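So this block is data.txt, compact mmCIF, C-alpha atoms:
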```
# COMPACT_ATOMS: atom_id res chain seq x y z
CA MET X 1 0.00 0.00 0.00
CA ILE X 2 1.29 3.49 -0.87
CA PRO X 3 1.93 5.50 2.34
CA ILE X 4 -0.40 8.41 2.93
CA ASN X 5 1.17 11.84 2.40
CA HIS X 6 1.10 13.51 5.77
CA LEU X 7 2.29 17.03 4.98
CA ARG X 8 -0.05 19.94 4.39
CA ASN X 9 0.51 23.65 4.88
CA GLY X 10 3.91 23.02 6.46
CA THR X 11 2.67 20.86 9.33
CA SER X 12 2.61 17.11 9.86
CA ARG X 13 -0.57 15.12 10.12
CA ALA X 14 -1.18 12.94 13.15
CA VAL X 15 -2.69 9.59 14.10
CA ILE X 16 -3.59 8.81 17.71
CA ILE X 17 -4.61 5.27 18.63
CA GLY X 18 -6.17 4.87 22.08
CA LEU X 19 -5.98 1.41 23.65
CA ASP X 20 -8.26 1.96 26.61
CA GLY X 21 -6.85 0.59 29.87
CA THR X 22 -3.74 -1.02 28.33
CA PRO X 23 -0.80 -0.91 30.77
CA CYS X 24 2.62 0.10 29.54
CA SER X 25 4.10 -2.81 31.51
CA LEU X 26 1.96 -5.25 29.51
CA ILE X 27 3.23 -3.86 26.21
CA ASP X 28 6.81 -3.99 27.53
CA ARG X 29 6.37 -7.65 28.48
CA PHE X 30 4.72 -8.70 25.22
CA VAL X 31 7.38 -6.89 23.18
CA ALA X 32 10.14 -8.58 25.19
CA ASP X 33 8.45 -11.96 24.73
CA GLY X 34 8.18 -11.48 20.96
CA ARG X 35 4.37 -11.36 21.05
CA MET X 36 4.05 -7.87 19.55
CA PRO X 37 6.56 -7.73 16.67
CA ASN X 38 4.93 -4.73 15.02
CA PHE X 39 5.09 -2.69 18.21
CA ALA X 40 8.69 -3.84 18.64
CA GLY X 41 9.44 -2.53 15.17
CA LEU X 42 7.97 0.85 16.02
CA LEU X 43 10.23 1.11 19.06
CA GLN X 44 13.32 1.13 16.84
CA ALA X 45 12.52 4.71 15.87
CA GLY X 46 10.09 5.56 18.67
CA SER X 47 9.80 6.02 22.43
CA LEU X 48 7.60 4.25 24.99
CA ALA X 49 7.02 5.13 28.64
CA GLY X 50 4.59 4.59 31.47
CA MET X 51 2.27 7.49 32.13
CA GLU X 52 0.32 8.82 35.11
CA SER X 53 -3.45 9.04 34.68
CA VAL X 54 -5.77 11.44 36.54
CA LEU X 55 -7.94 11.29 39.65
CA PRO X 56 -10.48 9.87 39.73
CA THR X 57 -9.07 7.22 37.41
CA VAL X 58 -12.04 6.50 35.18
CA SER X 59 -12.21 6.76 31.40
CA SER X 60 -14.60 9.70 31.19
CA VAL X 61 -12.33 11.89 33.33
CA ALA X 62 -9.11 10.57 31.83
CA TRP X 63 -10.08 11.04 28.19
CA ALA X 64 -11.55 14.48 28.88
CA SER X 65 -8.19 15.40 30.39
CA MET X 66 -6.26 13.91 27.48
CA VAL X 67 -8.20 15.60 24.67
CA THR X 68 -8.06 19.02 26.38
CA GLY X 69 -4.72 18.93 28.20
CA CYS X 70 -6.54 20.27 31.24
CA ASN X 71 -7.30 19.14 34.76
CA PRO X 72 -10.96 18.42 35.63
CA GLY X 73 -11.21 21.80 37.35
CA LYS X 74 -11.07 23.31 33.86
CA HIS X 75 -12.88 20.76 31.69
CA ASN X 76 -15.62 19.96 34.27
CA ILE X 77 -15.78 16.16 33.94
CA PHE X 78 -15.30 14.62 37.40
CA GLY X 79 -16.81 11.15 36.93
CA PHE X 80 -19.27 8.94 35.06
CA ILE X 81 -22.09 10.47 37.11
CA ASP X 82 -22.35 13.78 38.93
CA ARG X 83 -24.75 15.80 41.01
CA VAL X 84 -26.34 19.22 40.63
CA PRO X 85 -25.38 21.36 43.64
CA ASP X 86 -28.27 22.49 45.86
CA THR X 87 -30.37 19.59 44.59
CA HIS X 88 -30.31 15.84 44.85
CA GLU X 89 -30.51 15.46 41.08
CA MET X 90 -27.98 13.23 39.31
CA TYR X 91 -26.82 13.39 35.69
CA ILE X 92 -24.34 11.77 33.30
CA PRO X 93 -21.68 14.25 32.12
CA THR X 94 -21.53 14.59 28.33
CA SER X 95 -19.88 16.77 25.71
CA ARG X 96 -22.33 19.48 26.79
CA THR X 97 -20.70 19.39 30.22
CA MET X 98 -17.22 19.93 28.80
CA ARG X 99 -15.90 23.45 29.38
CA ALA X 100 -12.45 23.17 27.79
CA ARG X 101 -11.78 22.98 24.06
CA THR X 102 -10.79 19.59 22.65
CA TRP X 103 -8.13 18.83 20.09
CA THR X 104 -10.78 18.04 17.44
CA GLU X 105 -12.46 21.40 17.99
CA ILE X 106 -9.19 23.30 17.82
CA PHE X 107 -7.96 21.51 14.70
CA SER X 108 -11.38 22.06 13.09
CA GLY X 109 -11.19 25.77 13.90
CA MET X 110 -7.81 25.93 12.15
CA ASP X 111 -9.36 24.55 8.94
CA ARG X 112 -7.75 21.16 9.49
CA ARG X 113 -9.86 18.10 8.85
CA VAL X 114 -10.41 15.70 11.73
CA PHE X 115 -11.63 12.17 12.32
CA SER X 116 -12.47 10.99 15.83
CA MET X 117 -13.97 7.59 16.66
CA GLY X 118 -15.09 6.20 19.99
CA VAL X 119 -13.50 8.70 22.38
CA PRO X 120 -15.45 8.94 25.68
CA THR X 121 -17.32 12.17 26.58
CA THR X 122 -17.95 13.03 22.91
CA TYR X 123 -21.72 12.43 22.99
CA PRO X 124 -23.70 14.22 21.72
CA PRO X 125 -21.39 14.73 18.75
CA ARG X 126 -20.42 18.31 18.07
CA ALA X 127 -20.07 19.66 14.56
CA VAL X 128 -16.48 19.37 13.34
CA ASN X 129 -14.58 19.85 10.13
CA GLY X 130 -14.68 16.16 9.35
CA ILE X 131 -16.20 13.17 11.14
CA LEU X 132 -16.92 12.52 14.81
CA ILE X 133 -18.25 9.19 16.13
CA SER X 134 -19.22 9.32 19.80
CA GLY X 135 -17.88 6.87 22.36
CA PHE X 136 -19.55 4.60 24.90
CA LEU X 137 -22.46 5.93 26.97
CA ALA X 138 -23.93 7.21 23.72
CA PRO X 139 -27.49 5.81 23.60
CA ASP X 140 -27.54 4.55 20.01
CA LEU X 141 -25.58 4.80 16.80
CA ASN X 142 -28.16 6.87 14.91
CA ARG X 143 -27.67 9.80 17.29
CA SER X 144 -23.93 9.41 17.74
CA THR X 145 -22.26 10.67 14.58
CA TYR X 146 -21.47 13.91 12.84
CA PRO X 147 -22.49 14.09 10.12
CA ALA X 148 -25.56 11.94 10.74
CA SER X 149 -25.08 10.02 7.48
CA VAL X 150 -21.97 8.31 8.90
CA ALA X 151 -24.21 6.22 11.17
CA ARG X 152 -25.56 4.35 8.13
CA GLU X 153 -22.05 3.52 6.94
CA LEU X 154 -21.11 2.22 10.37
CA ALA X 155 -24.27 0.16 10.71
CA ALA X 156 -23.55 -1.49 7.36
CA MET X 157 -20.13 -2.51 8.72
CA GLY X 158 -21.63 -3.99 11.88
CA TYR X 159 -19.95 -1.34 14.01
CA ARG X 160 -21.02 -1.18 17.67
CA ILE X 161 -20.55 1.59 20.21
CA ASP X 162 -20.02 -0.91 23.03
CA ILE X 163 -20.50 -4.56 23.89
CA ASP X 164 -22.91 -6.07 26.37
CA ALA X 165 -20.67 -6.24 29.45
CA TRP X 166 -23.42 -8.03 31.39
CA LEU X 167 -22.87 -10.99 29.09
CA ALA X 168 -19.60 -11.67 30.92
CA ARG X 169 -21.56 -12.28 34.09
CA ARG X 170 -23.70 -14.95 32.39
CA ASP X 171 -21.43 -16.60 29.83
CA ARG X 172 -17.74 -15.74 29.73
CA GLU X 173 -17.08 -17.69 26.52
CA ARG X 174 -19.78 -15.83 24.60
CA PHE X 175 -18.51 -12.57 26.09
CA LEU X 176 -15.02 -13.22 24.75
CA ASP X 177 -16.38 -13.99 21.29
CA ASP X 178 -18.36 -10.75 21.50
CA VAL X 179 -15.27 -8.74 22.46
CA PHE X 180 -13.32 -10.07 19.49
CA GLN X 181 -16.17 -9.46 17.04
CA ALA X 182 -16.74 -5.92 18.28
CA MET X 183 -13.04 -5.11 18.01
CA GLU X 184 -12.86 -6.50 14.47
CA ARG X 185 -15.76 -4.30 13.38
CA ARG X 186 -14.09 -1.31 15.05
CA PHE X 187 -10.88 -2.01 13.15
CA ASP X 188 -12.89 -2.35 9.92
CA ALA X 189 -14.32 1.12 10.47
CA MET X 190 -10.96 2.56 11.48
CA PHE X 191 -9.21 1.40 8.31
CA HIS X 192 -12.16 2.36 6.10
CA PHE X 193 -12.03 5.98 7.20
CA LEU X 194 -8.23 6.06 7.43
CA ASP X 195 -8.05 5.10 3.75
CA GLN X 196 -11.10 6.91 2.36
CA GLU X 197 -11.30 10.20 4.24
CA PRO X 198 -9.02 13.23 4.01
CA TRP X 199 -7.78 14.12 7.49
CA ASP X 200 -5.10 16.02 9.36
CA LEU X 201 -5.88 14.54 12.78
CA PHE X 202 -7.08 10.93 13.02
CA VAL X 203 -8.09 9.56 16.44
CA ALA X 204 -9.36 6.01 16.99
CA HIS X 205 -10.29 4.75 20.44
CA VAL X 206 -10.34 0.98 21.10
CA LEU X 207 -12.69 0.18 23.99
CA GLU X 208 -12.49 -3.60 23.89
CA THR X 209 -9.07 -3.66 25.61
CA ASP X 210 -10.66 -2.22 28.75
CA ARG X 211 -13.63 -4.56 28.55
CA LEU X 212 -11.42 -7.63 28.24
CA HIS X 213 -9.25 -6.58 31.18
CA HIS X 214 -12.15 -6.06 33.57
CA PHE X 215 -13.28 -9.66 33.17
CA LEU X 216 -10.04 -11.49 32.41
CA TRP X 217 -7.12 -9.67 34.01
CA GLY X 218 -7.33 -11.34 37.43
CA LEU X 219 -7.72 -14.79 35.92
CA VAL X 220 -4.70 -14.32 33.66
CA GLU X 221 -2.63 -12.83 36.49
CA ASP X 222 -3.45 -15.90 38.57
CA GLY X 223 -2.08 -18.10 35.77
CA SER X 224 -5.30 -19.42 34.25
CA GLN X 225 -4.31 -21.67 31.36
CA SER X 226 -7.88 -21.57 30.08
CA TYR X 227 -7.88 -17.84 29.37
CA LEU X 228 -4.22 -16.99 28.77
CA PRO X 229 -4.50 -18.10 25.10
CA TRP X 230 -7.48 -15.77 24.66
CA PHE X 231 -5.43 -12.93 26.06
CA HIS X 232 -2.48 -13.65 23.77
CA ARG X 233 -4.72 -14.01 20.73
CA PHE X 234 -6.39 -10.71 21.53
CA TYR X 235 -3.12 -8.78 21.69
CA ASP X 236 -1.81 -10.56 18.61
CA ARG X 237 -4.72 -8.94 16.77
CA VAL X 238 -4.07 -5.56 18.38
CA ASP X 239 -0.44 -5.76 17.27
CA ARG X 240 -1.41 -6.63 13.70
CA ALA X 241 -3.75 -3.63 13.60
CA ILE X 242 -0.97 -1.37 14.86
CA GLY X 243 1.28 -2.72 12.13
CA GLU X 244 -1.38 -2.06 9.50
CA VAL X 245 -1.74 1.53 10.67
CA ALA X 246 2.02 2.09 10.62
CA ASP X 247 2.29 0.64 7.10
CA ARG X 248 -0.12 3.29 5.86
CA LEU X 249 1.95 6.21 7.20
CA ASP X 250 5.09 7.83 5.88
CA ASP X 251 7.99 8.97 8.05
CA ALA X 252 6.62 12.50 8.36
CA ALA X 253 3.40 11.38 10.02
CA LEU X 254 3.10 11.59 13.78
CA LEU X 255 1.87 8.38 15.43
CA MET X 256 0.99 8.23 19.10
CA ILE X 257 -0.42 5.15 20.85
CA VAL X 258 -1.83 5.89 24.28
CA SER X 259 -3.94 4.47 27.08
CA ASP X 260 -5.87 6.30 29.77
CA HIS X 261 -4.92 4.18 32.78
CA GLY X 262 -3.25 0.95 33.79
CA PHE X 263 -4.78 -2.29 35.06
CA CYS X 264 -4.24 -4.81 37.83
CA LYS X 265 -5.97 -7.70 39.56
CA LEU X 266 -8.98 -6.66 41.64
CA LYS X 267 -8.61 -7.51 45.32
CA TYR X 268 -11.83 -5.97 46.65
CA GLU X 269 -14.60 -3.61 45.73
CA VAL X 270 -14.82 -1.08 48.58
CA HIS X 271 -18.18 0.55 49.35
CA LEU X 272 -17.32 3.94 50.76
CA ASN X 273 -20.89 5.02 51.51
CA TYR X 274 -21.18 1.96 53.74
CA TRP X 275 -18.06 3.14 55.58
CA LEU X 276 -19.41 6.71 55.85
CA HIS X 277 -22.67 5.35 57.24
CA GLN X 278 -20.93 3.14 59.79
CA ALA X 279 -18.68 6.02 60.83
CA GLY X 280 -21.67 8.31 61.40
CA PHE X 281 -21.01 10.76 58.57
CA LEU X 282 -23.89 9.52 56.39
CA ARG X 283 -27.51 8.92 57.46
CA PHE X 284 -30.49 7.47 55.61
CA ARG X 285 -34.15 8.45 55.85
CA GLY X 286 -35.05 4.78 56.16
CA ARG X 287 -33.03 1.66 56.79
CA THR X 288 -31.32 1.85 53.41
CA ALA X 289 -30.91 4.24 50.48
CA ARG X 290 -30.64 3.98 46.73
CA GLY X 291 -29.64 7.56 45.93
CA LEU X 292 -29.14 11.09 47.15
CA ARG X 293 -32.86 11.66 47.65
CA ASP X 294 -32.85 9.00 50.38
CA LEU X 295 -30.22 10.74 52.52
CA ALA X 296 -31.30 12.06 55.91
CA PRO X 297 -31.02 15.81 56.69
CA ASP X 298 -28.25 15.18 59.24
CA THR X 299 -25.93 13.63 56.62
CA ARG X 300 -22.56 15.36 56.66
CA CYS X 301 -20.83 13.55 53.78
CA TYR X 302 -21.61 11.19 50.90
CA SER X 303 -19.51 9.56 48.19
CA LEU X 304 -19.89 9.29 44.43
CA LEU X 305 -18.04 6.85 42.18
CA PRO X 306 -15.11 6.44 42.51
CA GLY X 307 -13.76 7.87 45.77
CA ARG X 308 -15.26 11.36 45.47
CA MET X 309 -16.40 12.79 48.81
CA TYR X 310 -18.91 15.63 48.99
CA LEU X 311 -19.51 17.35 52.30
CA SER X 312 -22.96 18.72 53.09
CA LEU X 313 -21.69 22.27 52.91
CA ARG X 314 -24.06 25.00 53.98
CA GLY X 315 -25.04 27.24 51.07
CA ARG X 316 -23.99 24.69 48.46
CA GLU X 317 -25.66 21.34 49.15
CA ARG X 318 -29.36 20.82 49.65
CA GLY X 319 -30.04 21.16 53.38
CA GLY X 320 -26.32 21.73 53.99
CA ARG X 321 -25.39 21.54 57.65
CA VAL X 322 -21.57 21.88 57.63
CA ALA X 323 -20.42 25.46 58.14
CA PRO X 324 -17.69 26.79 55.83
CA GLY X 325 -14.35 27.49 57.41
CA ALA X 326 -13.14 25.71 60.53
CA GLU X 327 -15.95 23.14 60.73
CA TYR X 328 -15.55 22.24 57.06
CA GLU X 329 -11.78 21.83 57.36
CA ALA X 330 -12.02 19.80 60.56
CA LEU X 331 -14.55 17.43 59.01
CA ARG X 332 -12.41 16.98 55.91
CA GLY X 333 -9.52 16.06 58.17
CA ASP X 334 -11.60 13.57 60.17
CA ILE X 335 -12.91 11.83 57.06
CA ALA X 336 -9.49 11.70 55.42
CA ASP X 337 -7.91 10.24 58.56
CA GLY X 338 -10.68 7.66 58.86
CA LEU X 339 -10.39 6.55 55.23
CA MET X 340 -6.68 5.95 55.68
CA GLN X 341 -7.47 3.47 58.46
CA ILE X 342 -9.50 1.10 56.23
CA ARG X 343 -7.66 -2.21 55.96
CA ASP X 344 -7.87 -5.27 53.74
CA PRO X 345 -9.50 -8.00 55.88
CA GLU X 346 -7.11 -10.66 54.57
CA THR X 347 -3.75 -8.88 54.48
CA GLY X 348 -4.21 -5.90 56.77
CA GLU X 349 -2.77 -3.57 54.13
CA PRO X 350 -4.25 -0.09 53.66
CA VAL X 351 -7.02 0.11 51.08
CA ILE X 352 -6.55 3.85 50.50
CA ARG X 353 -3.18 5.09 49.30
CA ARG X 354 -3.86 8.78 49.85
CA VAL X 355 -6.73 11.22 50.34
CA PHE X 356 -6.45 14.51 48.46
CA ARG X 357 -8.20 17.77 49.23
CA ARG X 358 -9.72 19.18 46.09
CA GLU X 359 -7.39 22.18 45.93
CA GLU X 360 -4.44 19.77 45.66
CA LEU X 361 -5.72 18.38 42.34
CA TYR X 362 -8.03 20.87 40.68
CA ALA X 363 -8.01 24.49 39.56
CA GLY X 364 -10.10 26.39 37.03
CA ASN X 365 -13.54 27.79 36.42
CA ALA X 366 -15.19 24.46 37.33
CA PHE X 367 -13.38 24.19 40.67
CA ASP X 368 -16.52 24.93 42.68
CA LEU X 369 -18.09 21.74 41.29
CA ALA X 370 -15.18 19.52 42.33
CA PRO X 371 -15.50 16.97 45.16
CA ASP X 372 -14.22 18.09 48.55
CA LEU X 373 -12.02 15.02 49.01
CA ILE X 374 -10.72 12.46 46.52
CA ALA X 375 -9.64 9.05 47.80
CA MET X 376 -6.89 7.41 45.77
CA PRO X 377 -7.09 3.62 46.19
CA ALA X 378 -4.11 1.38 46.69
CA ALA X 379 -3.49 -0.92 43.73
CA GLY X 380 -6.19 -3.57 43.45
CA TYR X 381 -9.06 -1.79 45.20
CA ASP X 382 -12.07 -0.39 43.34
CA LEU X 383 -13.90 2.37 45.22
CA LYS X 384 -17.66 2.15 44.77
CA GLY X 385 -20.28 4.85 45.20
CA GLY X 386 -23.55 2.97 45.65
CA PHE X 387 -25.74 3.47 48.71
CA ASP X 388 -27.30 0.04 49.14
CA SER X 389 -24.36 -2.18 50.07
CA GLU X 390 -24.60 -3.98 53.40
CA VAL X 391 -20.87 -4.78 53.57
CA LEU X 392 -17.70 -2.70 53.34
CA MET X 393 -15.89 -4.98 50.87
CA ASP X 394 -16.86 -7.74 48.50
CA ARG X 395 -16.06 -9.27 45.14
CA GLY X 396 -18.14 -9.80 42.02
CA PRO X 397 -17.60 -11.11 38.49
CA VAL X 398 -15.19 -8.27 37.66
CA ASN X 399 -11.62 -9.31 38.44
CA GLY X 400 -9.56 -6.46 37.00
CA THR X 401 -9.47 -2.79 37.99
CA HIS X 402 -7.86 0.50 36.96
CA THR X 403 -4.54 1.86 38.20
CA PHE X 404 -3.40 5.48 38.31
CA SER X 405 0.09 4.59 37.20
CA ASP X 406 1.17 2.45 34.24
CA ALA X 407 -0.89 4.10 31.53
CA MET X 408 0.94 3.95 28.19
CA PHE X 409 2.49 6.64 26.01
CA PHE X 410 4.19 5.85 22.69
CA ILE X 411 5.40 8.31 20.07
CA ASN X 412 7.16 7.48 16.82
CA ARG X 413 9.98 9.89 17.60
CA LYS X 414 13.07 9.47 19.75
CA VAL X 415 12.40 11.72 22.72
CA ASP X 416 13.56 11.86 26.32
CA LEU X 417 10.83 10.24 28.39
CA SER X 418 12.91 9.78 31.52
CA ARG X 419 11.01 12.57 33.27
CA ARG X 420 7.49 12.34 34.65
CA VAL X 421 4.97 11.61 31.89
CA ARG X 422 1.37 12.63 32.58
CA LEU X 423 -1.79 12.01 30.65
CA ILE X 424 -2.40 15.76 30.31
CA ASP X 425 0.94 16.01 28.45
CA VAL X 426 -0.44 14.17 25.41
CA PHE X 427 -2.41 17.21 24.21
CA PRO X 428 0.47 19.73 24.08
CA THR X 429 2.77 17.03 22.70
CA LEU X 430 0.40 16.57 19.75
CA PHE X 431 0.46 20.24 18.85
CA ASP X 432 4.19 20.64 19.37
CA ALA X 433 5.08 17.51 17.40
CA VAL X 434 3.08 18.52 14.31
CA GLY X 435 4.49 22.04 14.28
CA LEU X 436 1.55 23.94 15.76
CA GLU X 437 1.58 26.36 18.64
CA VAL X 438 0.39 24.78 21.88
CA PRO X 439 -2.92 26.45 22.86
CA ALA X 440 -2.81 28.69 25.91
CA GLY X 441 -4.31 27.63 29.22
CA VAL X 442 -3.48 23.92 29.15
CA ASP X 443 -1.97 22.21 32.18
CA GLY X 444 0.19 19.67 30.38
CA GLN X 445 3.67 20.15 28.94
CA SER X 446 5.01 18.95 25.60
CA LEU X 447 7.08 15.78 25.76
CA VAL X 448 8.93 16.48 22.53
CA ALA X 449 10.79 19.42 24.04
CA GLY X 450 13.51 16.88 24.92
CA ARG X 451 13.53 15.32 21.47
CA VAL X 452 16.67 13.32 20.72
CA ASN X 453 16.38 13.51 16.91
```

Show me, as structure tokens, the structure contained in the file I just sent.
Amino acid sequence: MIPINHLRNGTSRAVIIGLDGTPCSLIDRFVADGRMPNFAGLLQAGSLAGMESVLPTVSSVAWASMVTGCNPGKHNIFGFIDRVPDTHEMYIPTSRTMRARTWTEIFSGMDRRVFSMGVPTTYPPRAVNGILISGFLAPDLNRSTYPASVARELAAMGYRIDIDAWLARRDRERFLDDVFQAMERRFDAMFHFLDQEPWDLFVAHVLETDRLHHFLWGLVEDGSQSYLPWFHRFYDRVDRAIGEVADRLDDAALLMIVSDHGFCKLKYEVHLNYWLHQAGFLRFRGRTARGLRDLAPDTRCYSLLPGRMYLSLRGRERGGRVAPGAEYEALRGDIADGLMQIRDPETGEPVIRRVFRREELYAGNAFDLAPDLIAMPAAGYDLKGGFDSEVLMDRGPVNGTHTFSDAMFFINRKVDLSRRVRLIDVFPTLFDAVGLEVPAGVDGQSLVAGRVN
């Protein structure tokens, strides 16, 4: 295949492949073992490093941070669900919630053509100079593309926004078949638009990596010989797709392969609202609760997924009873200290690695909407935000969970990645590497400033 010409108006064109939830350490191991020869080939002229994600470490927050280069205090995405202050109403953050400009919007505004497929927090799709296909949480394909006509093309290919994750709870073998089929259709769409559409920025997000890890990671880490071949076969296909992308690009094209967080074996799901209730910080109107509307007036703190603590602050929360100032600070300290005392019932190790005050992580015009405390779990613990659990810790069918460290950053340039690499650095690196000025107001820093050649 003839490589695509990637120079226009004096700047390089760029491809970004997102492998959701793929740890850098996994790629390192598979490359060393000879299981990813195409990725190994890219490393001869490229650079790979582990990358820090964001807090909370969930895909909606992480990808919003990546595509804007901003912390959540600027882009306003703090989790998969959020609450409206002074009410007990809940909502799912979407592209309408986003306050910072994304790379697709900025490239579009510069008269550069874009293609973006599957990236979280892009529903409903905004108008762009090119094509935008929304990511998971979009309700259906017909309402998830710009322009709308693209949905028909995708449907004809068998493209799916997401798989049925509940299938893994009923039939793991069928779930694995489903994951492979969905990824194949996603690759079909990716290569169709890569070959047929003019573009200056091409972004393709692969969700199936994350889905596979949630239901297989722990089994594989424990040495399951039944599922290890599935895992190897899956990443063999990922590696072939990476090779096919690279074959289509010339040396001038920028290629970045990234993930939004790492993965590890799940030890326990930890129900923080249960802990708050037992500690006396959270009260229910009845014996149990299902949501914020069921909280009693004397509640002083509640938690939303994952590890976000909201104090019942007077003047902000509905029926707020905690006074700003000294009382607020003292309560934050008490809750933070208490969270640090939670221990694994089997090993006695701390479940919480650190508790941050919001001003330690967030800044910007959305700061007032940020949680008051953010609990960072130790590796292997998944912090839950439901209200109806009757135990502090348990396990379910999910056996893999996210990690803050060990996200992946690859660039097909030799650059110095020995310093700290953060997810918010991907955005300015994109602009710098293709010869464009990095937009003002971003929090990340370009990683190509230390370019070797």

Each side padded by 6 Å, which centre and which edge lengths in Å (one decimal) define the axis-aligned box around the listed atoms of range 136-146 of chain X? Give them as JSON.
```
{"center_x": -23.9, "center_y": 9.2, "center_z": 19.9, "size_x": 20.6, "size_y": 21.4, "size_z": 26.1}
```

query = What is the distance between CA of Phe231 in chain X and CA of Thr401 in chain X, in Å to one decimal?
reply =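 About the pair CA of Phe231 in chain X and CA of Thr401 in chain X: they are 16.2 Å apart.
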
ask   = Any idea what's packed within 7 Å of Gly262 in chain X, counting only C-alpha atoms, ignoring anything in its chain fewer than 5 positions away? Could you give it as a list in words?
value = Gly21, Thr22, Pro23, His402, Thr403, Phe404, Ser405, Asp406 and Ala407 of chain X

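Near Gly441 in chain X, within a cut-off of 8 Å and counting only C-alpha atoms, sit the residues X:Cys70, X:Pro439, X:Asp443, with same-chain residues fewer than 2 positions away left out.
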
With C-alpha atoms retained, could you export that selection as a short mmCIF file (atom, residue, chain, number, x, y, z; two decimals), keeping the file's coordinate frame?
```
data_model
loop_
_atom_site.label_atom_id
_atom_site.label_comp_id
_atom_site.auth_asym_id
_atom_site.auth_seq_id
_atom_site.Cartn_x
_atom_site.Cartn_y
_atom_site.Cartn_z
CA CYS X 70 -6.54 20.27 31.24
CA PRO X 439 -2.92 26.45 22.86
CA ASP X 443 -1.97 22.21 32.18
#
```

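Taking all atoms listed in the file into account, Asn399 in chain X lies nearest to X:His214 out of the set X:His214, X:Arg240, X:Arg422, X:Arg99.
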
Restrict the calculation to all atoms listed in the file, then for each residue of range 335-434 of chain X with any atom at most 8 Å from an atom of range 43-47 of chain X give the closest atom pair and their distance in Å to one decimal, rows by chain and rising residue number, as JSON lines.
```
{"residue": "X:Phe410", "atom": "CA", "partner": "X:Ser47", "partner_atom": "CA", "distance": 5.6}
{"residue": "X:Ile411", "atom": "CA", "partner": "X:Ser47", "partner_atom": "CA", "distance": 5.5}
{"residue": "X:Asn412", "atom": "CA", "partner": "X:Gly46", "partner_atom": "CA", "distance": 4.0}
{"residue": "X:Arg413", "atom": "CA", "partner": "X:Gly46", "partner_atom": "CA", "distance": 4.5}
{"residue": "X:Lys414", "atom": "CA", "partner": "X:Gly46", "partner_atom": "CA", "distance": 5.0}
{"residue": "X:Val415", "atom": "CA", "partner": "X:Ser47", "partner_atom": "CA", "distance": 6.3}
{"residue": "X:Asp416", "atom": "CA", "partner": "X:Ser47", "partner_atom": "CA", "distance": 8.0}
{"residue": "X:Leu417", "atom": "CA", "partner": "X:Ser47", "partner_atom": "CA", "distance": 7.4}
```

Would you mind exporting C-alpha atoms of the selected residues as a PDB file, keeping the file's coordinate frame?
```pdb
ATOM      1  CA  PHE X 410       4.190   5.850  22.690  1.00  0.00           C
ATOM      2  CA  ILE X 411       5.400   8.310  20.070  1.00  0.00           C
ATOM      3  CA  ASN X 412       7.160   7.480  16.820  1.00  0.00           C
ATOM      4  CA  ARG X 413       9.980   9.890  17.600  1.00  0.00           C
ATOM      5  CA  LYS X 414      13.070   9.470  19.750  1.00  0.00           C
ATOM      6  CA  VAL X 415      12.400  11.720  22.720  1.00  0.00           C
ATOM      7  CA  ASP X 416      13.560  11.860  26.320  1.00  0.00           C
ATOM      8  CA  LEU X 417      10.830  10.240  28.390  1.00  0.00           C
TER       9      LEU X 417
END
```

request  = Using only C-alpha atoms, collect all residues at a distance of at most 6 Å from (-21.7, 15.6, 36.8) as written in the file, then present them as an NGL selection string.
outcome  = :X and (81-83 or 91-93)

query = Near Leu373 in chain X, counting all atoms listed in the file, which residues have an atom at most 10 Å away, once you skip same-chain residues fewer than 2 positions from it, shown as a list in words?
reply =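 The residues satisfying every condition are Ser303, Gly307, Arg308, Met309, Tyr310, Leu311, Arg332, Gly333, Ile335, Ala336, Val355, Phe356, Arg357, Arg358, Glu359, Glu360, Leu361, Ala370, Pro371, Ala375 and Met376 of chain X.
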
How would range 438-445 of chain X look with N, CA and C atoms restored, written as a JSON list (two decimals), in the coordinates of the input?
```
[["chain", "number", "residue", "atom", "x", "y", "z"],
["X", 438, "VAL", "N", 1.20, 25.40, 20.83],
["X", 438, "VAL", "CA", 0.39, 24.78, 21.88],
["X", 438, "VAL", "C", -0.62, 25.82, 22.38],
["X", 439, "PRO", "N", -1.91, 25.49, 22.39],
["X", 439, "PRO", "CA", -2.92, 26.45, 22.86],
["X", 439, "PRO", "C", -2.64, 26.90, 24.30],
["X", 440, "ALA", "N", -3.01, 28.13, 24.57],
["X", 440, "ALA", "CA", -2.81, 28.69, 25.91],
["X", 440, "ALA", "C", -3.79, 28.06, 26.90],
["X", 441, "GLY", "N", -3.40, 28.04, 28.16],
["X", 441, "GLY", "CA", -4.31, 27.63, 29.22],
["X", 441, "GLY", "C", -4.33, 26.15, 29.53],
["X", 442, "VAL", "N", -3.50, 25.35, 28.85],
["X", 442, "VAL", "CA", -3.48, 23.92, 29.15],
["X", 442, "VAL", "C", -2.56, 23.67, 30.34],
["X", 443, "ASP", "N", -2.77, 22.55, 31.00],
["X", 443, "ASP", "CA", -1.97, 22.21, 32.18],
["X", 443, "ASP", "C", -0.80, 21.29, 31.86],
["X", 444, "GLY", "N", -0.88, 20.57, 30.74],
["X", 444, "GLY", "CA", 0.19, 19.67, 30.38],
["X", 444, "GLY", "C", 1.37, 20.38, 29.75],
["X", 445, "GLN", "N", 2.46, 19.63, 29.57],
["X", 445, "GLN", "CA", 3.67, 20.15, 28.94],
["X", 445, "GLN", "C", 4.09, 19.20, 27.82]]
```
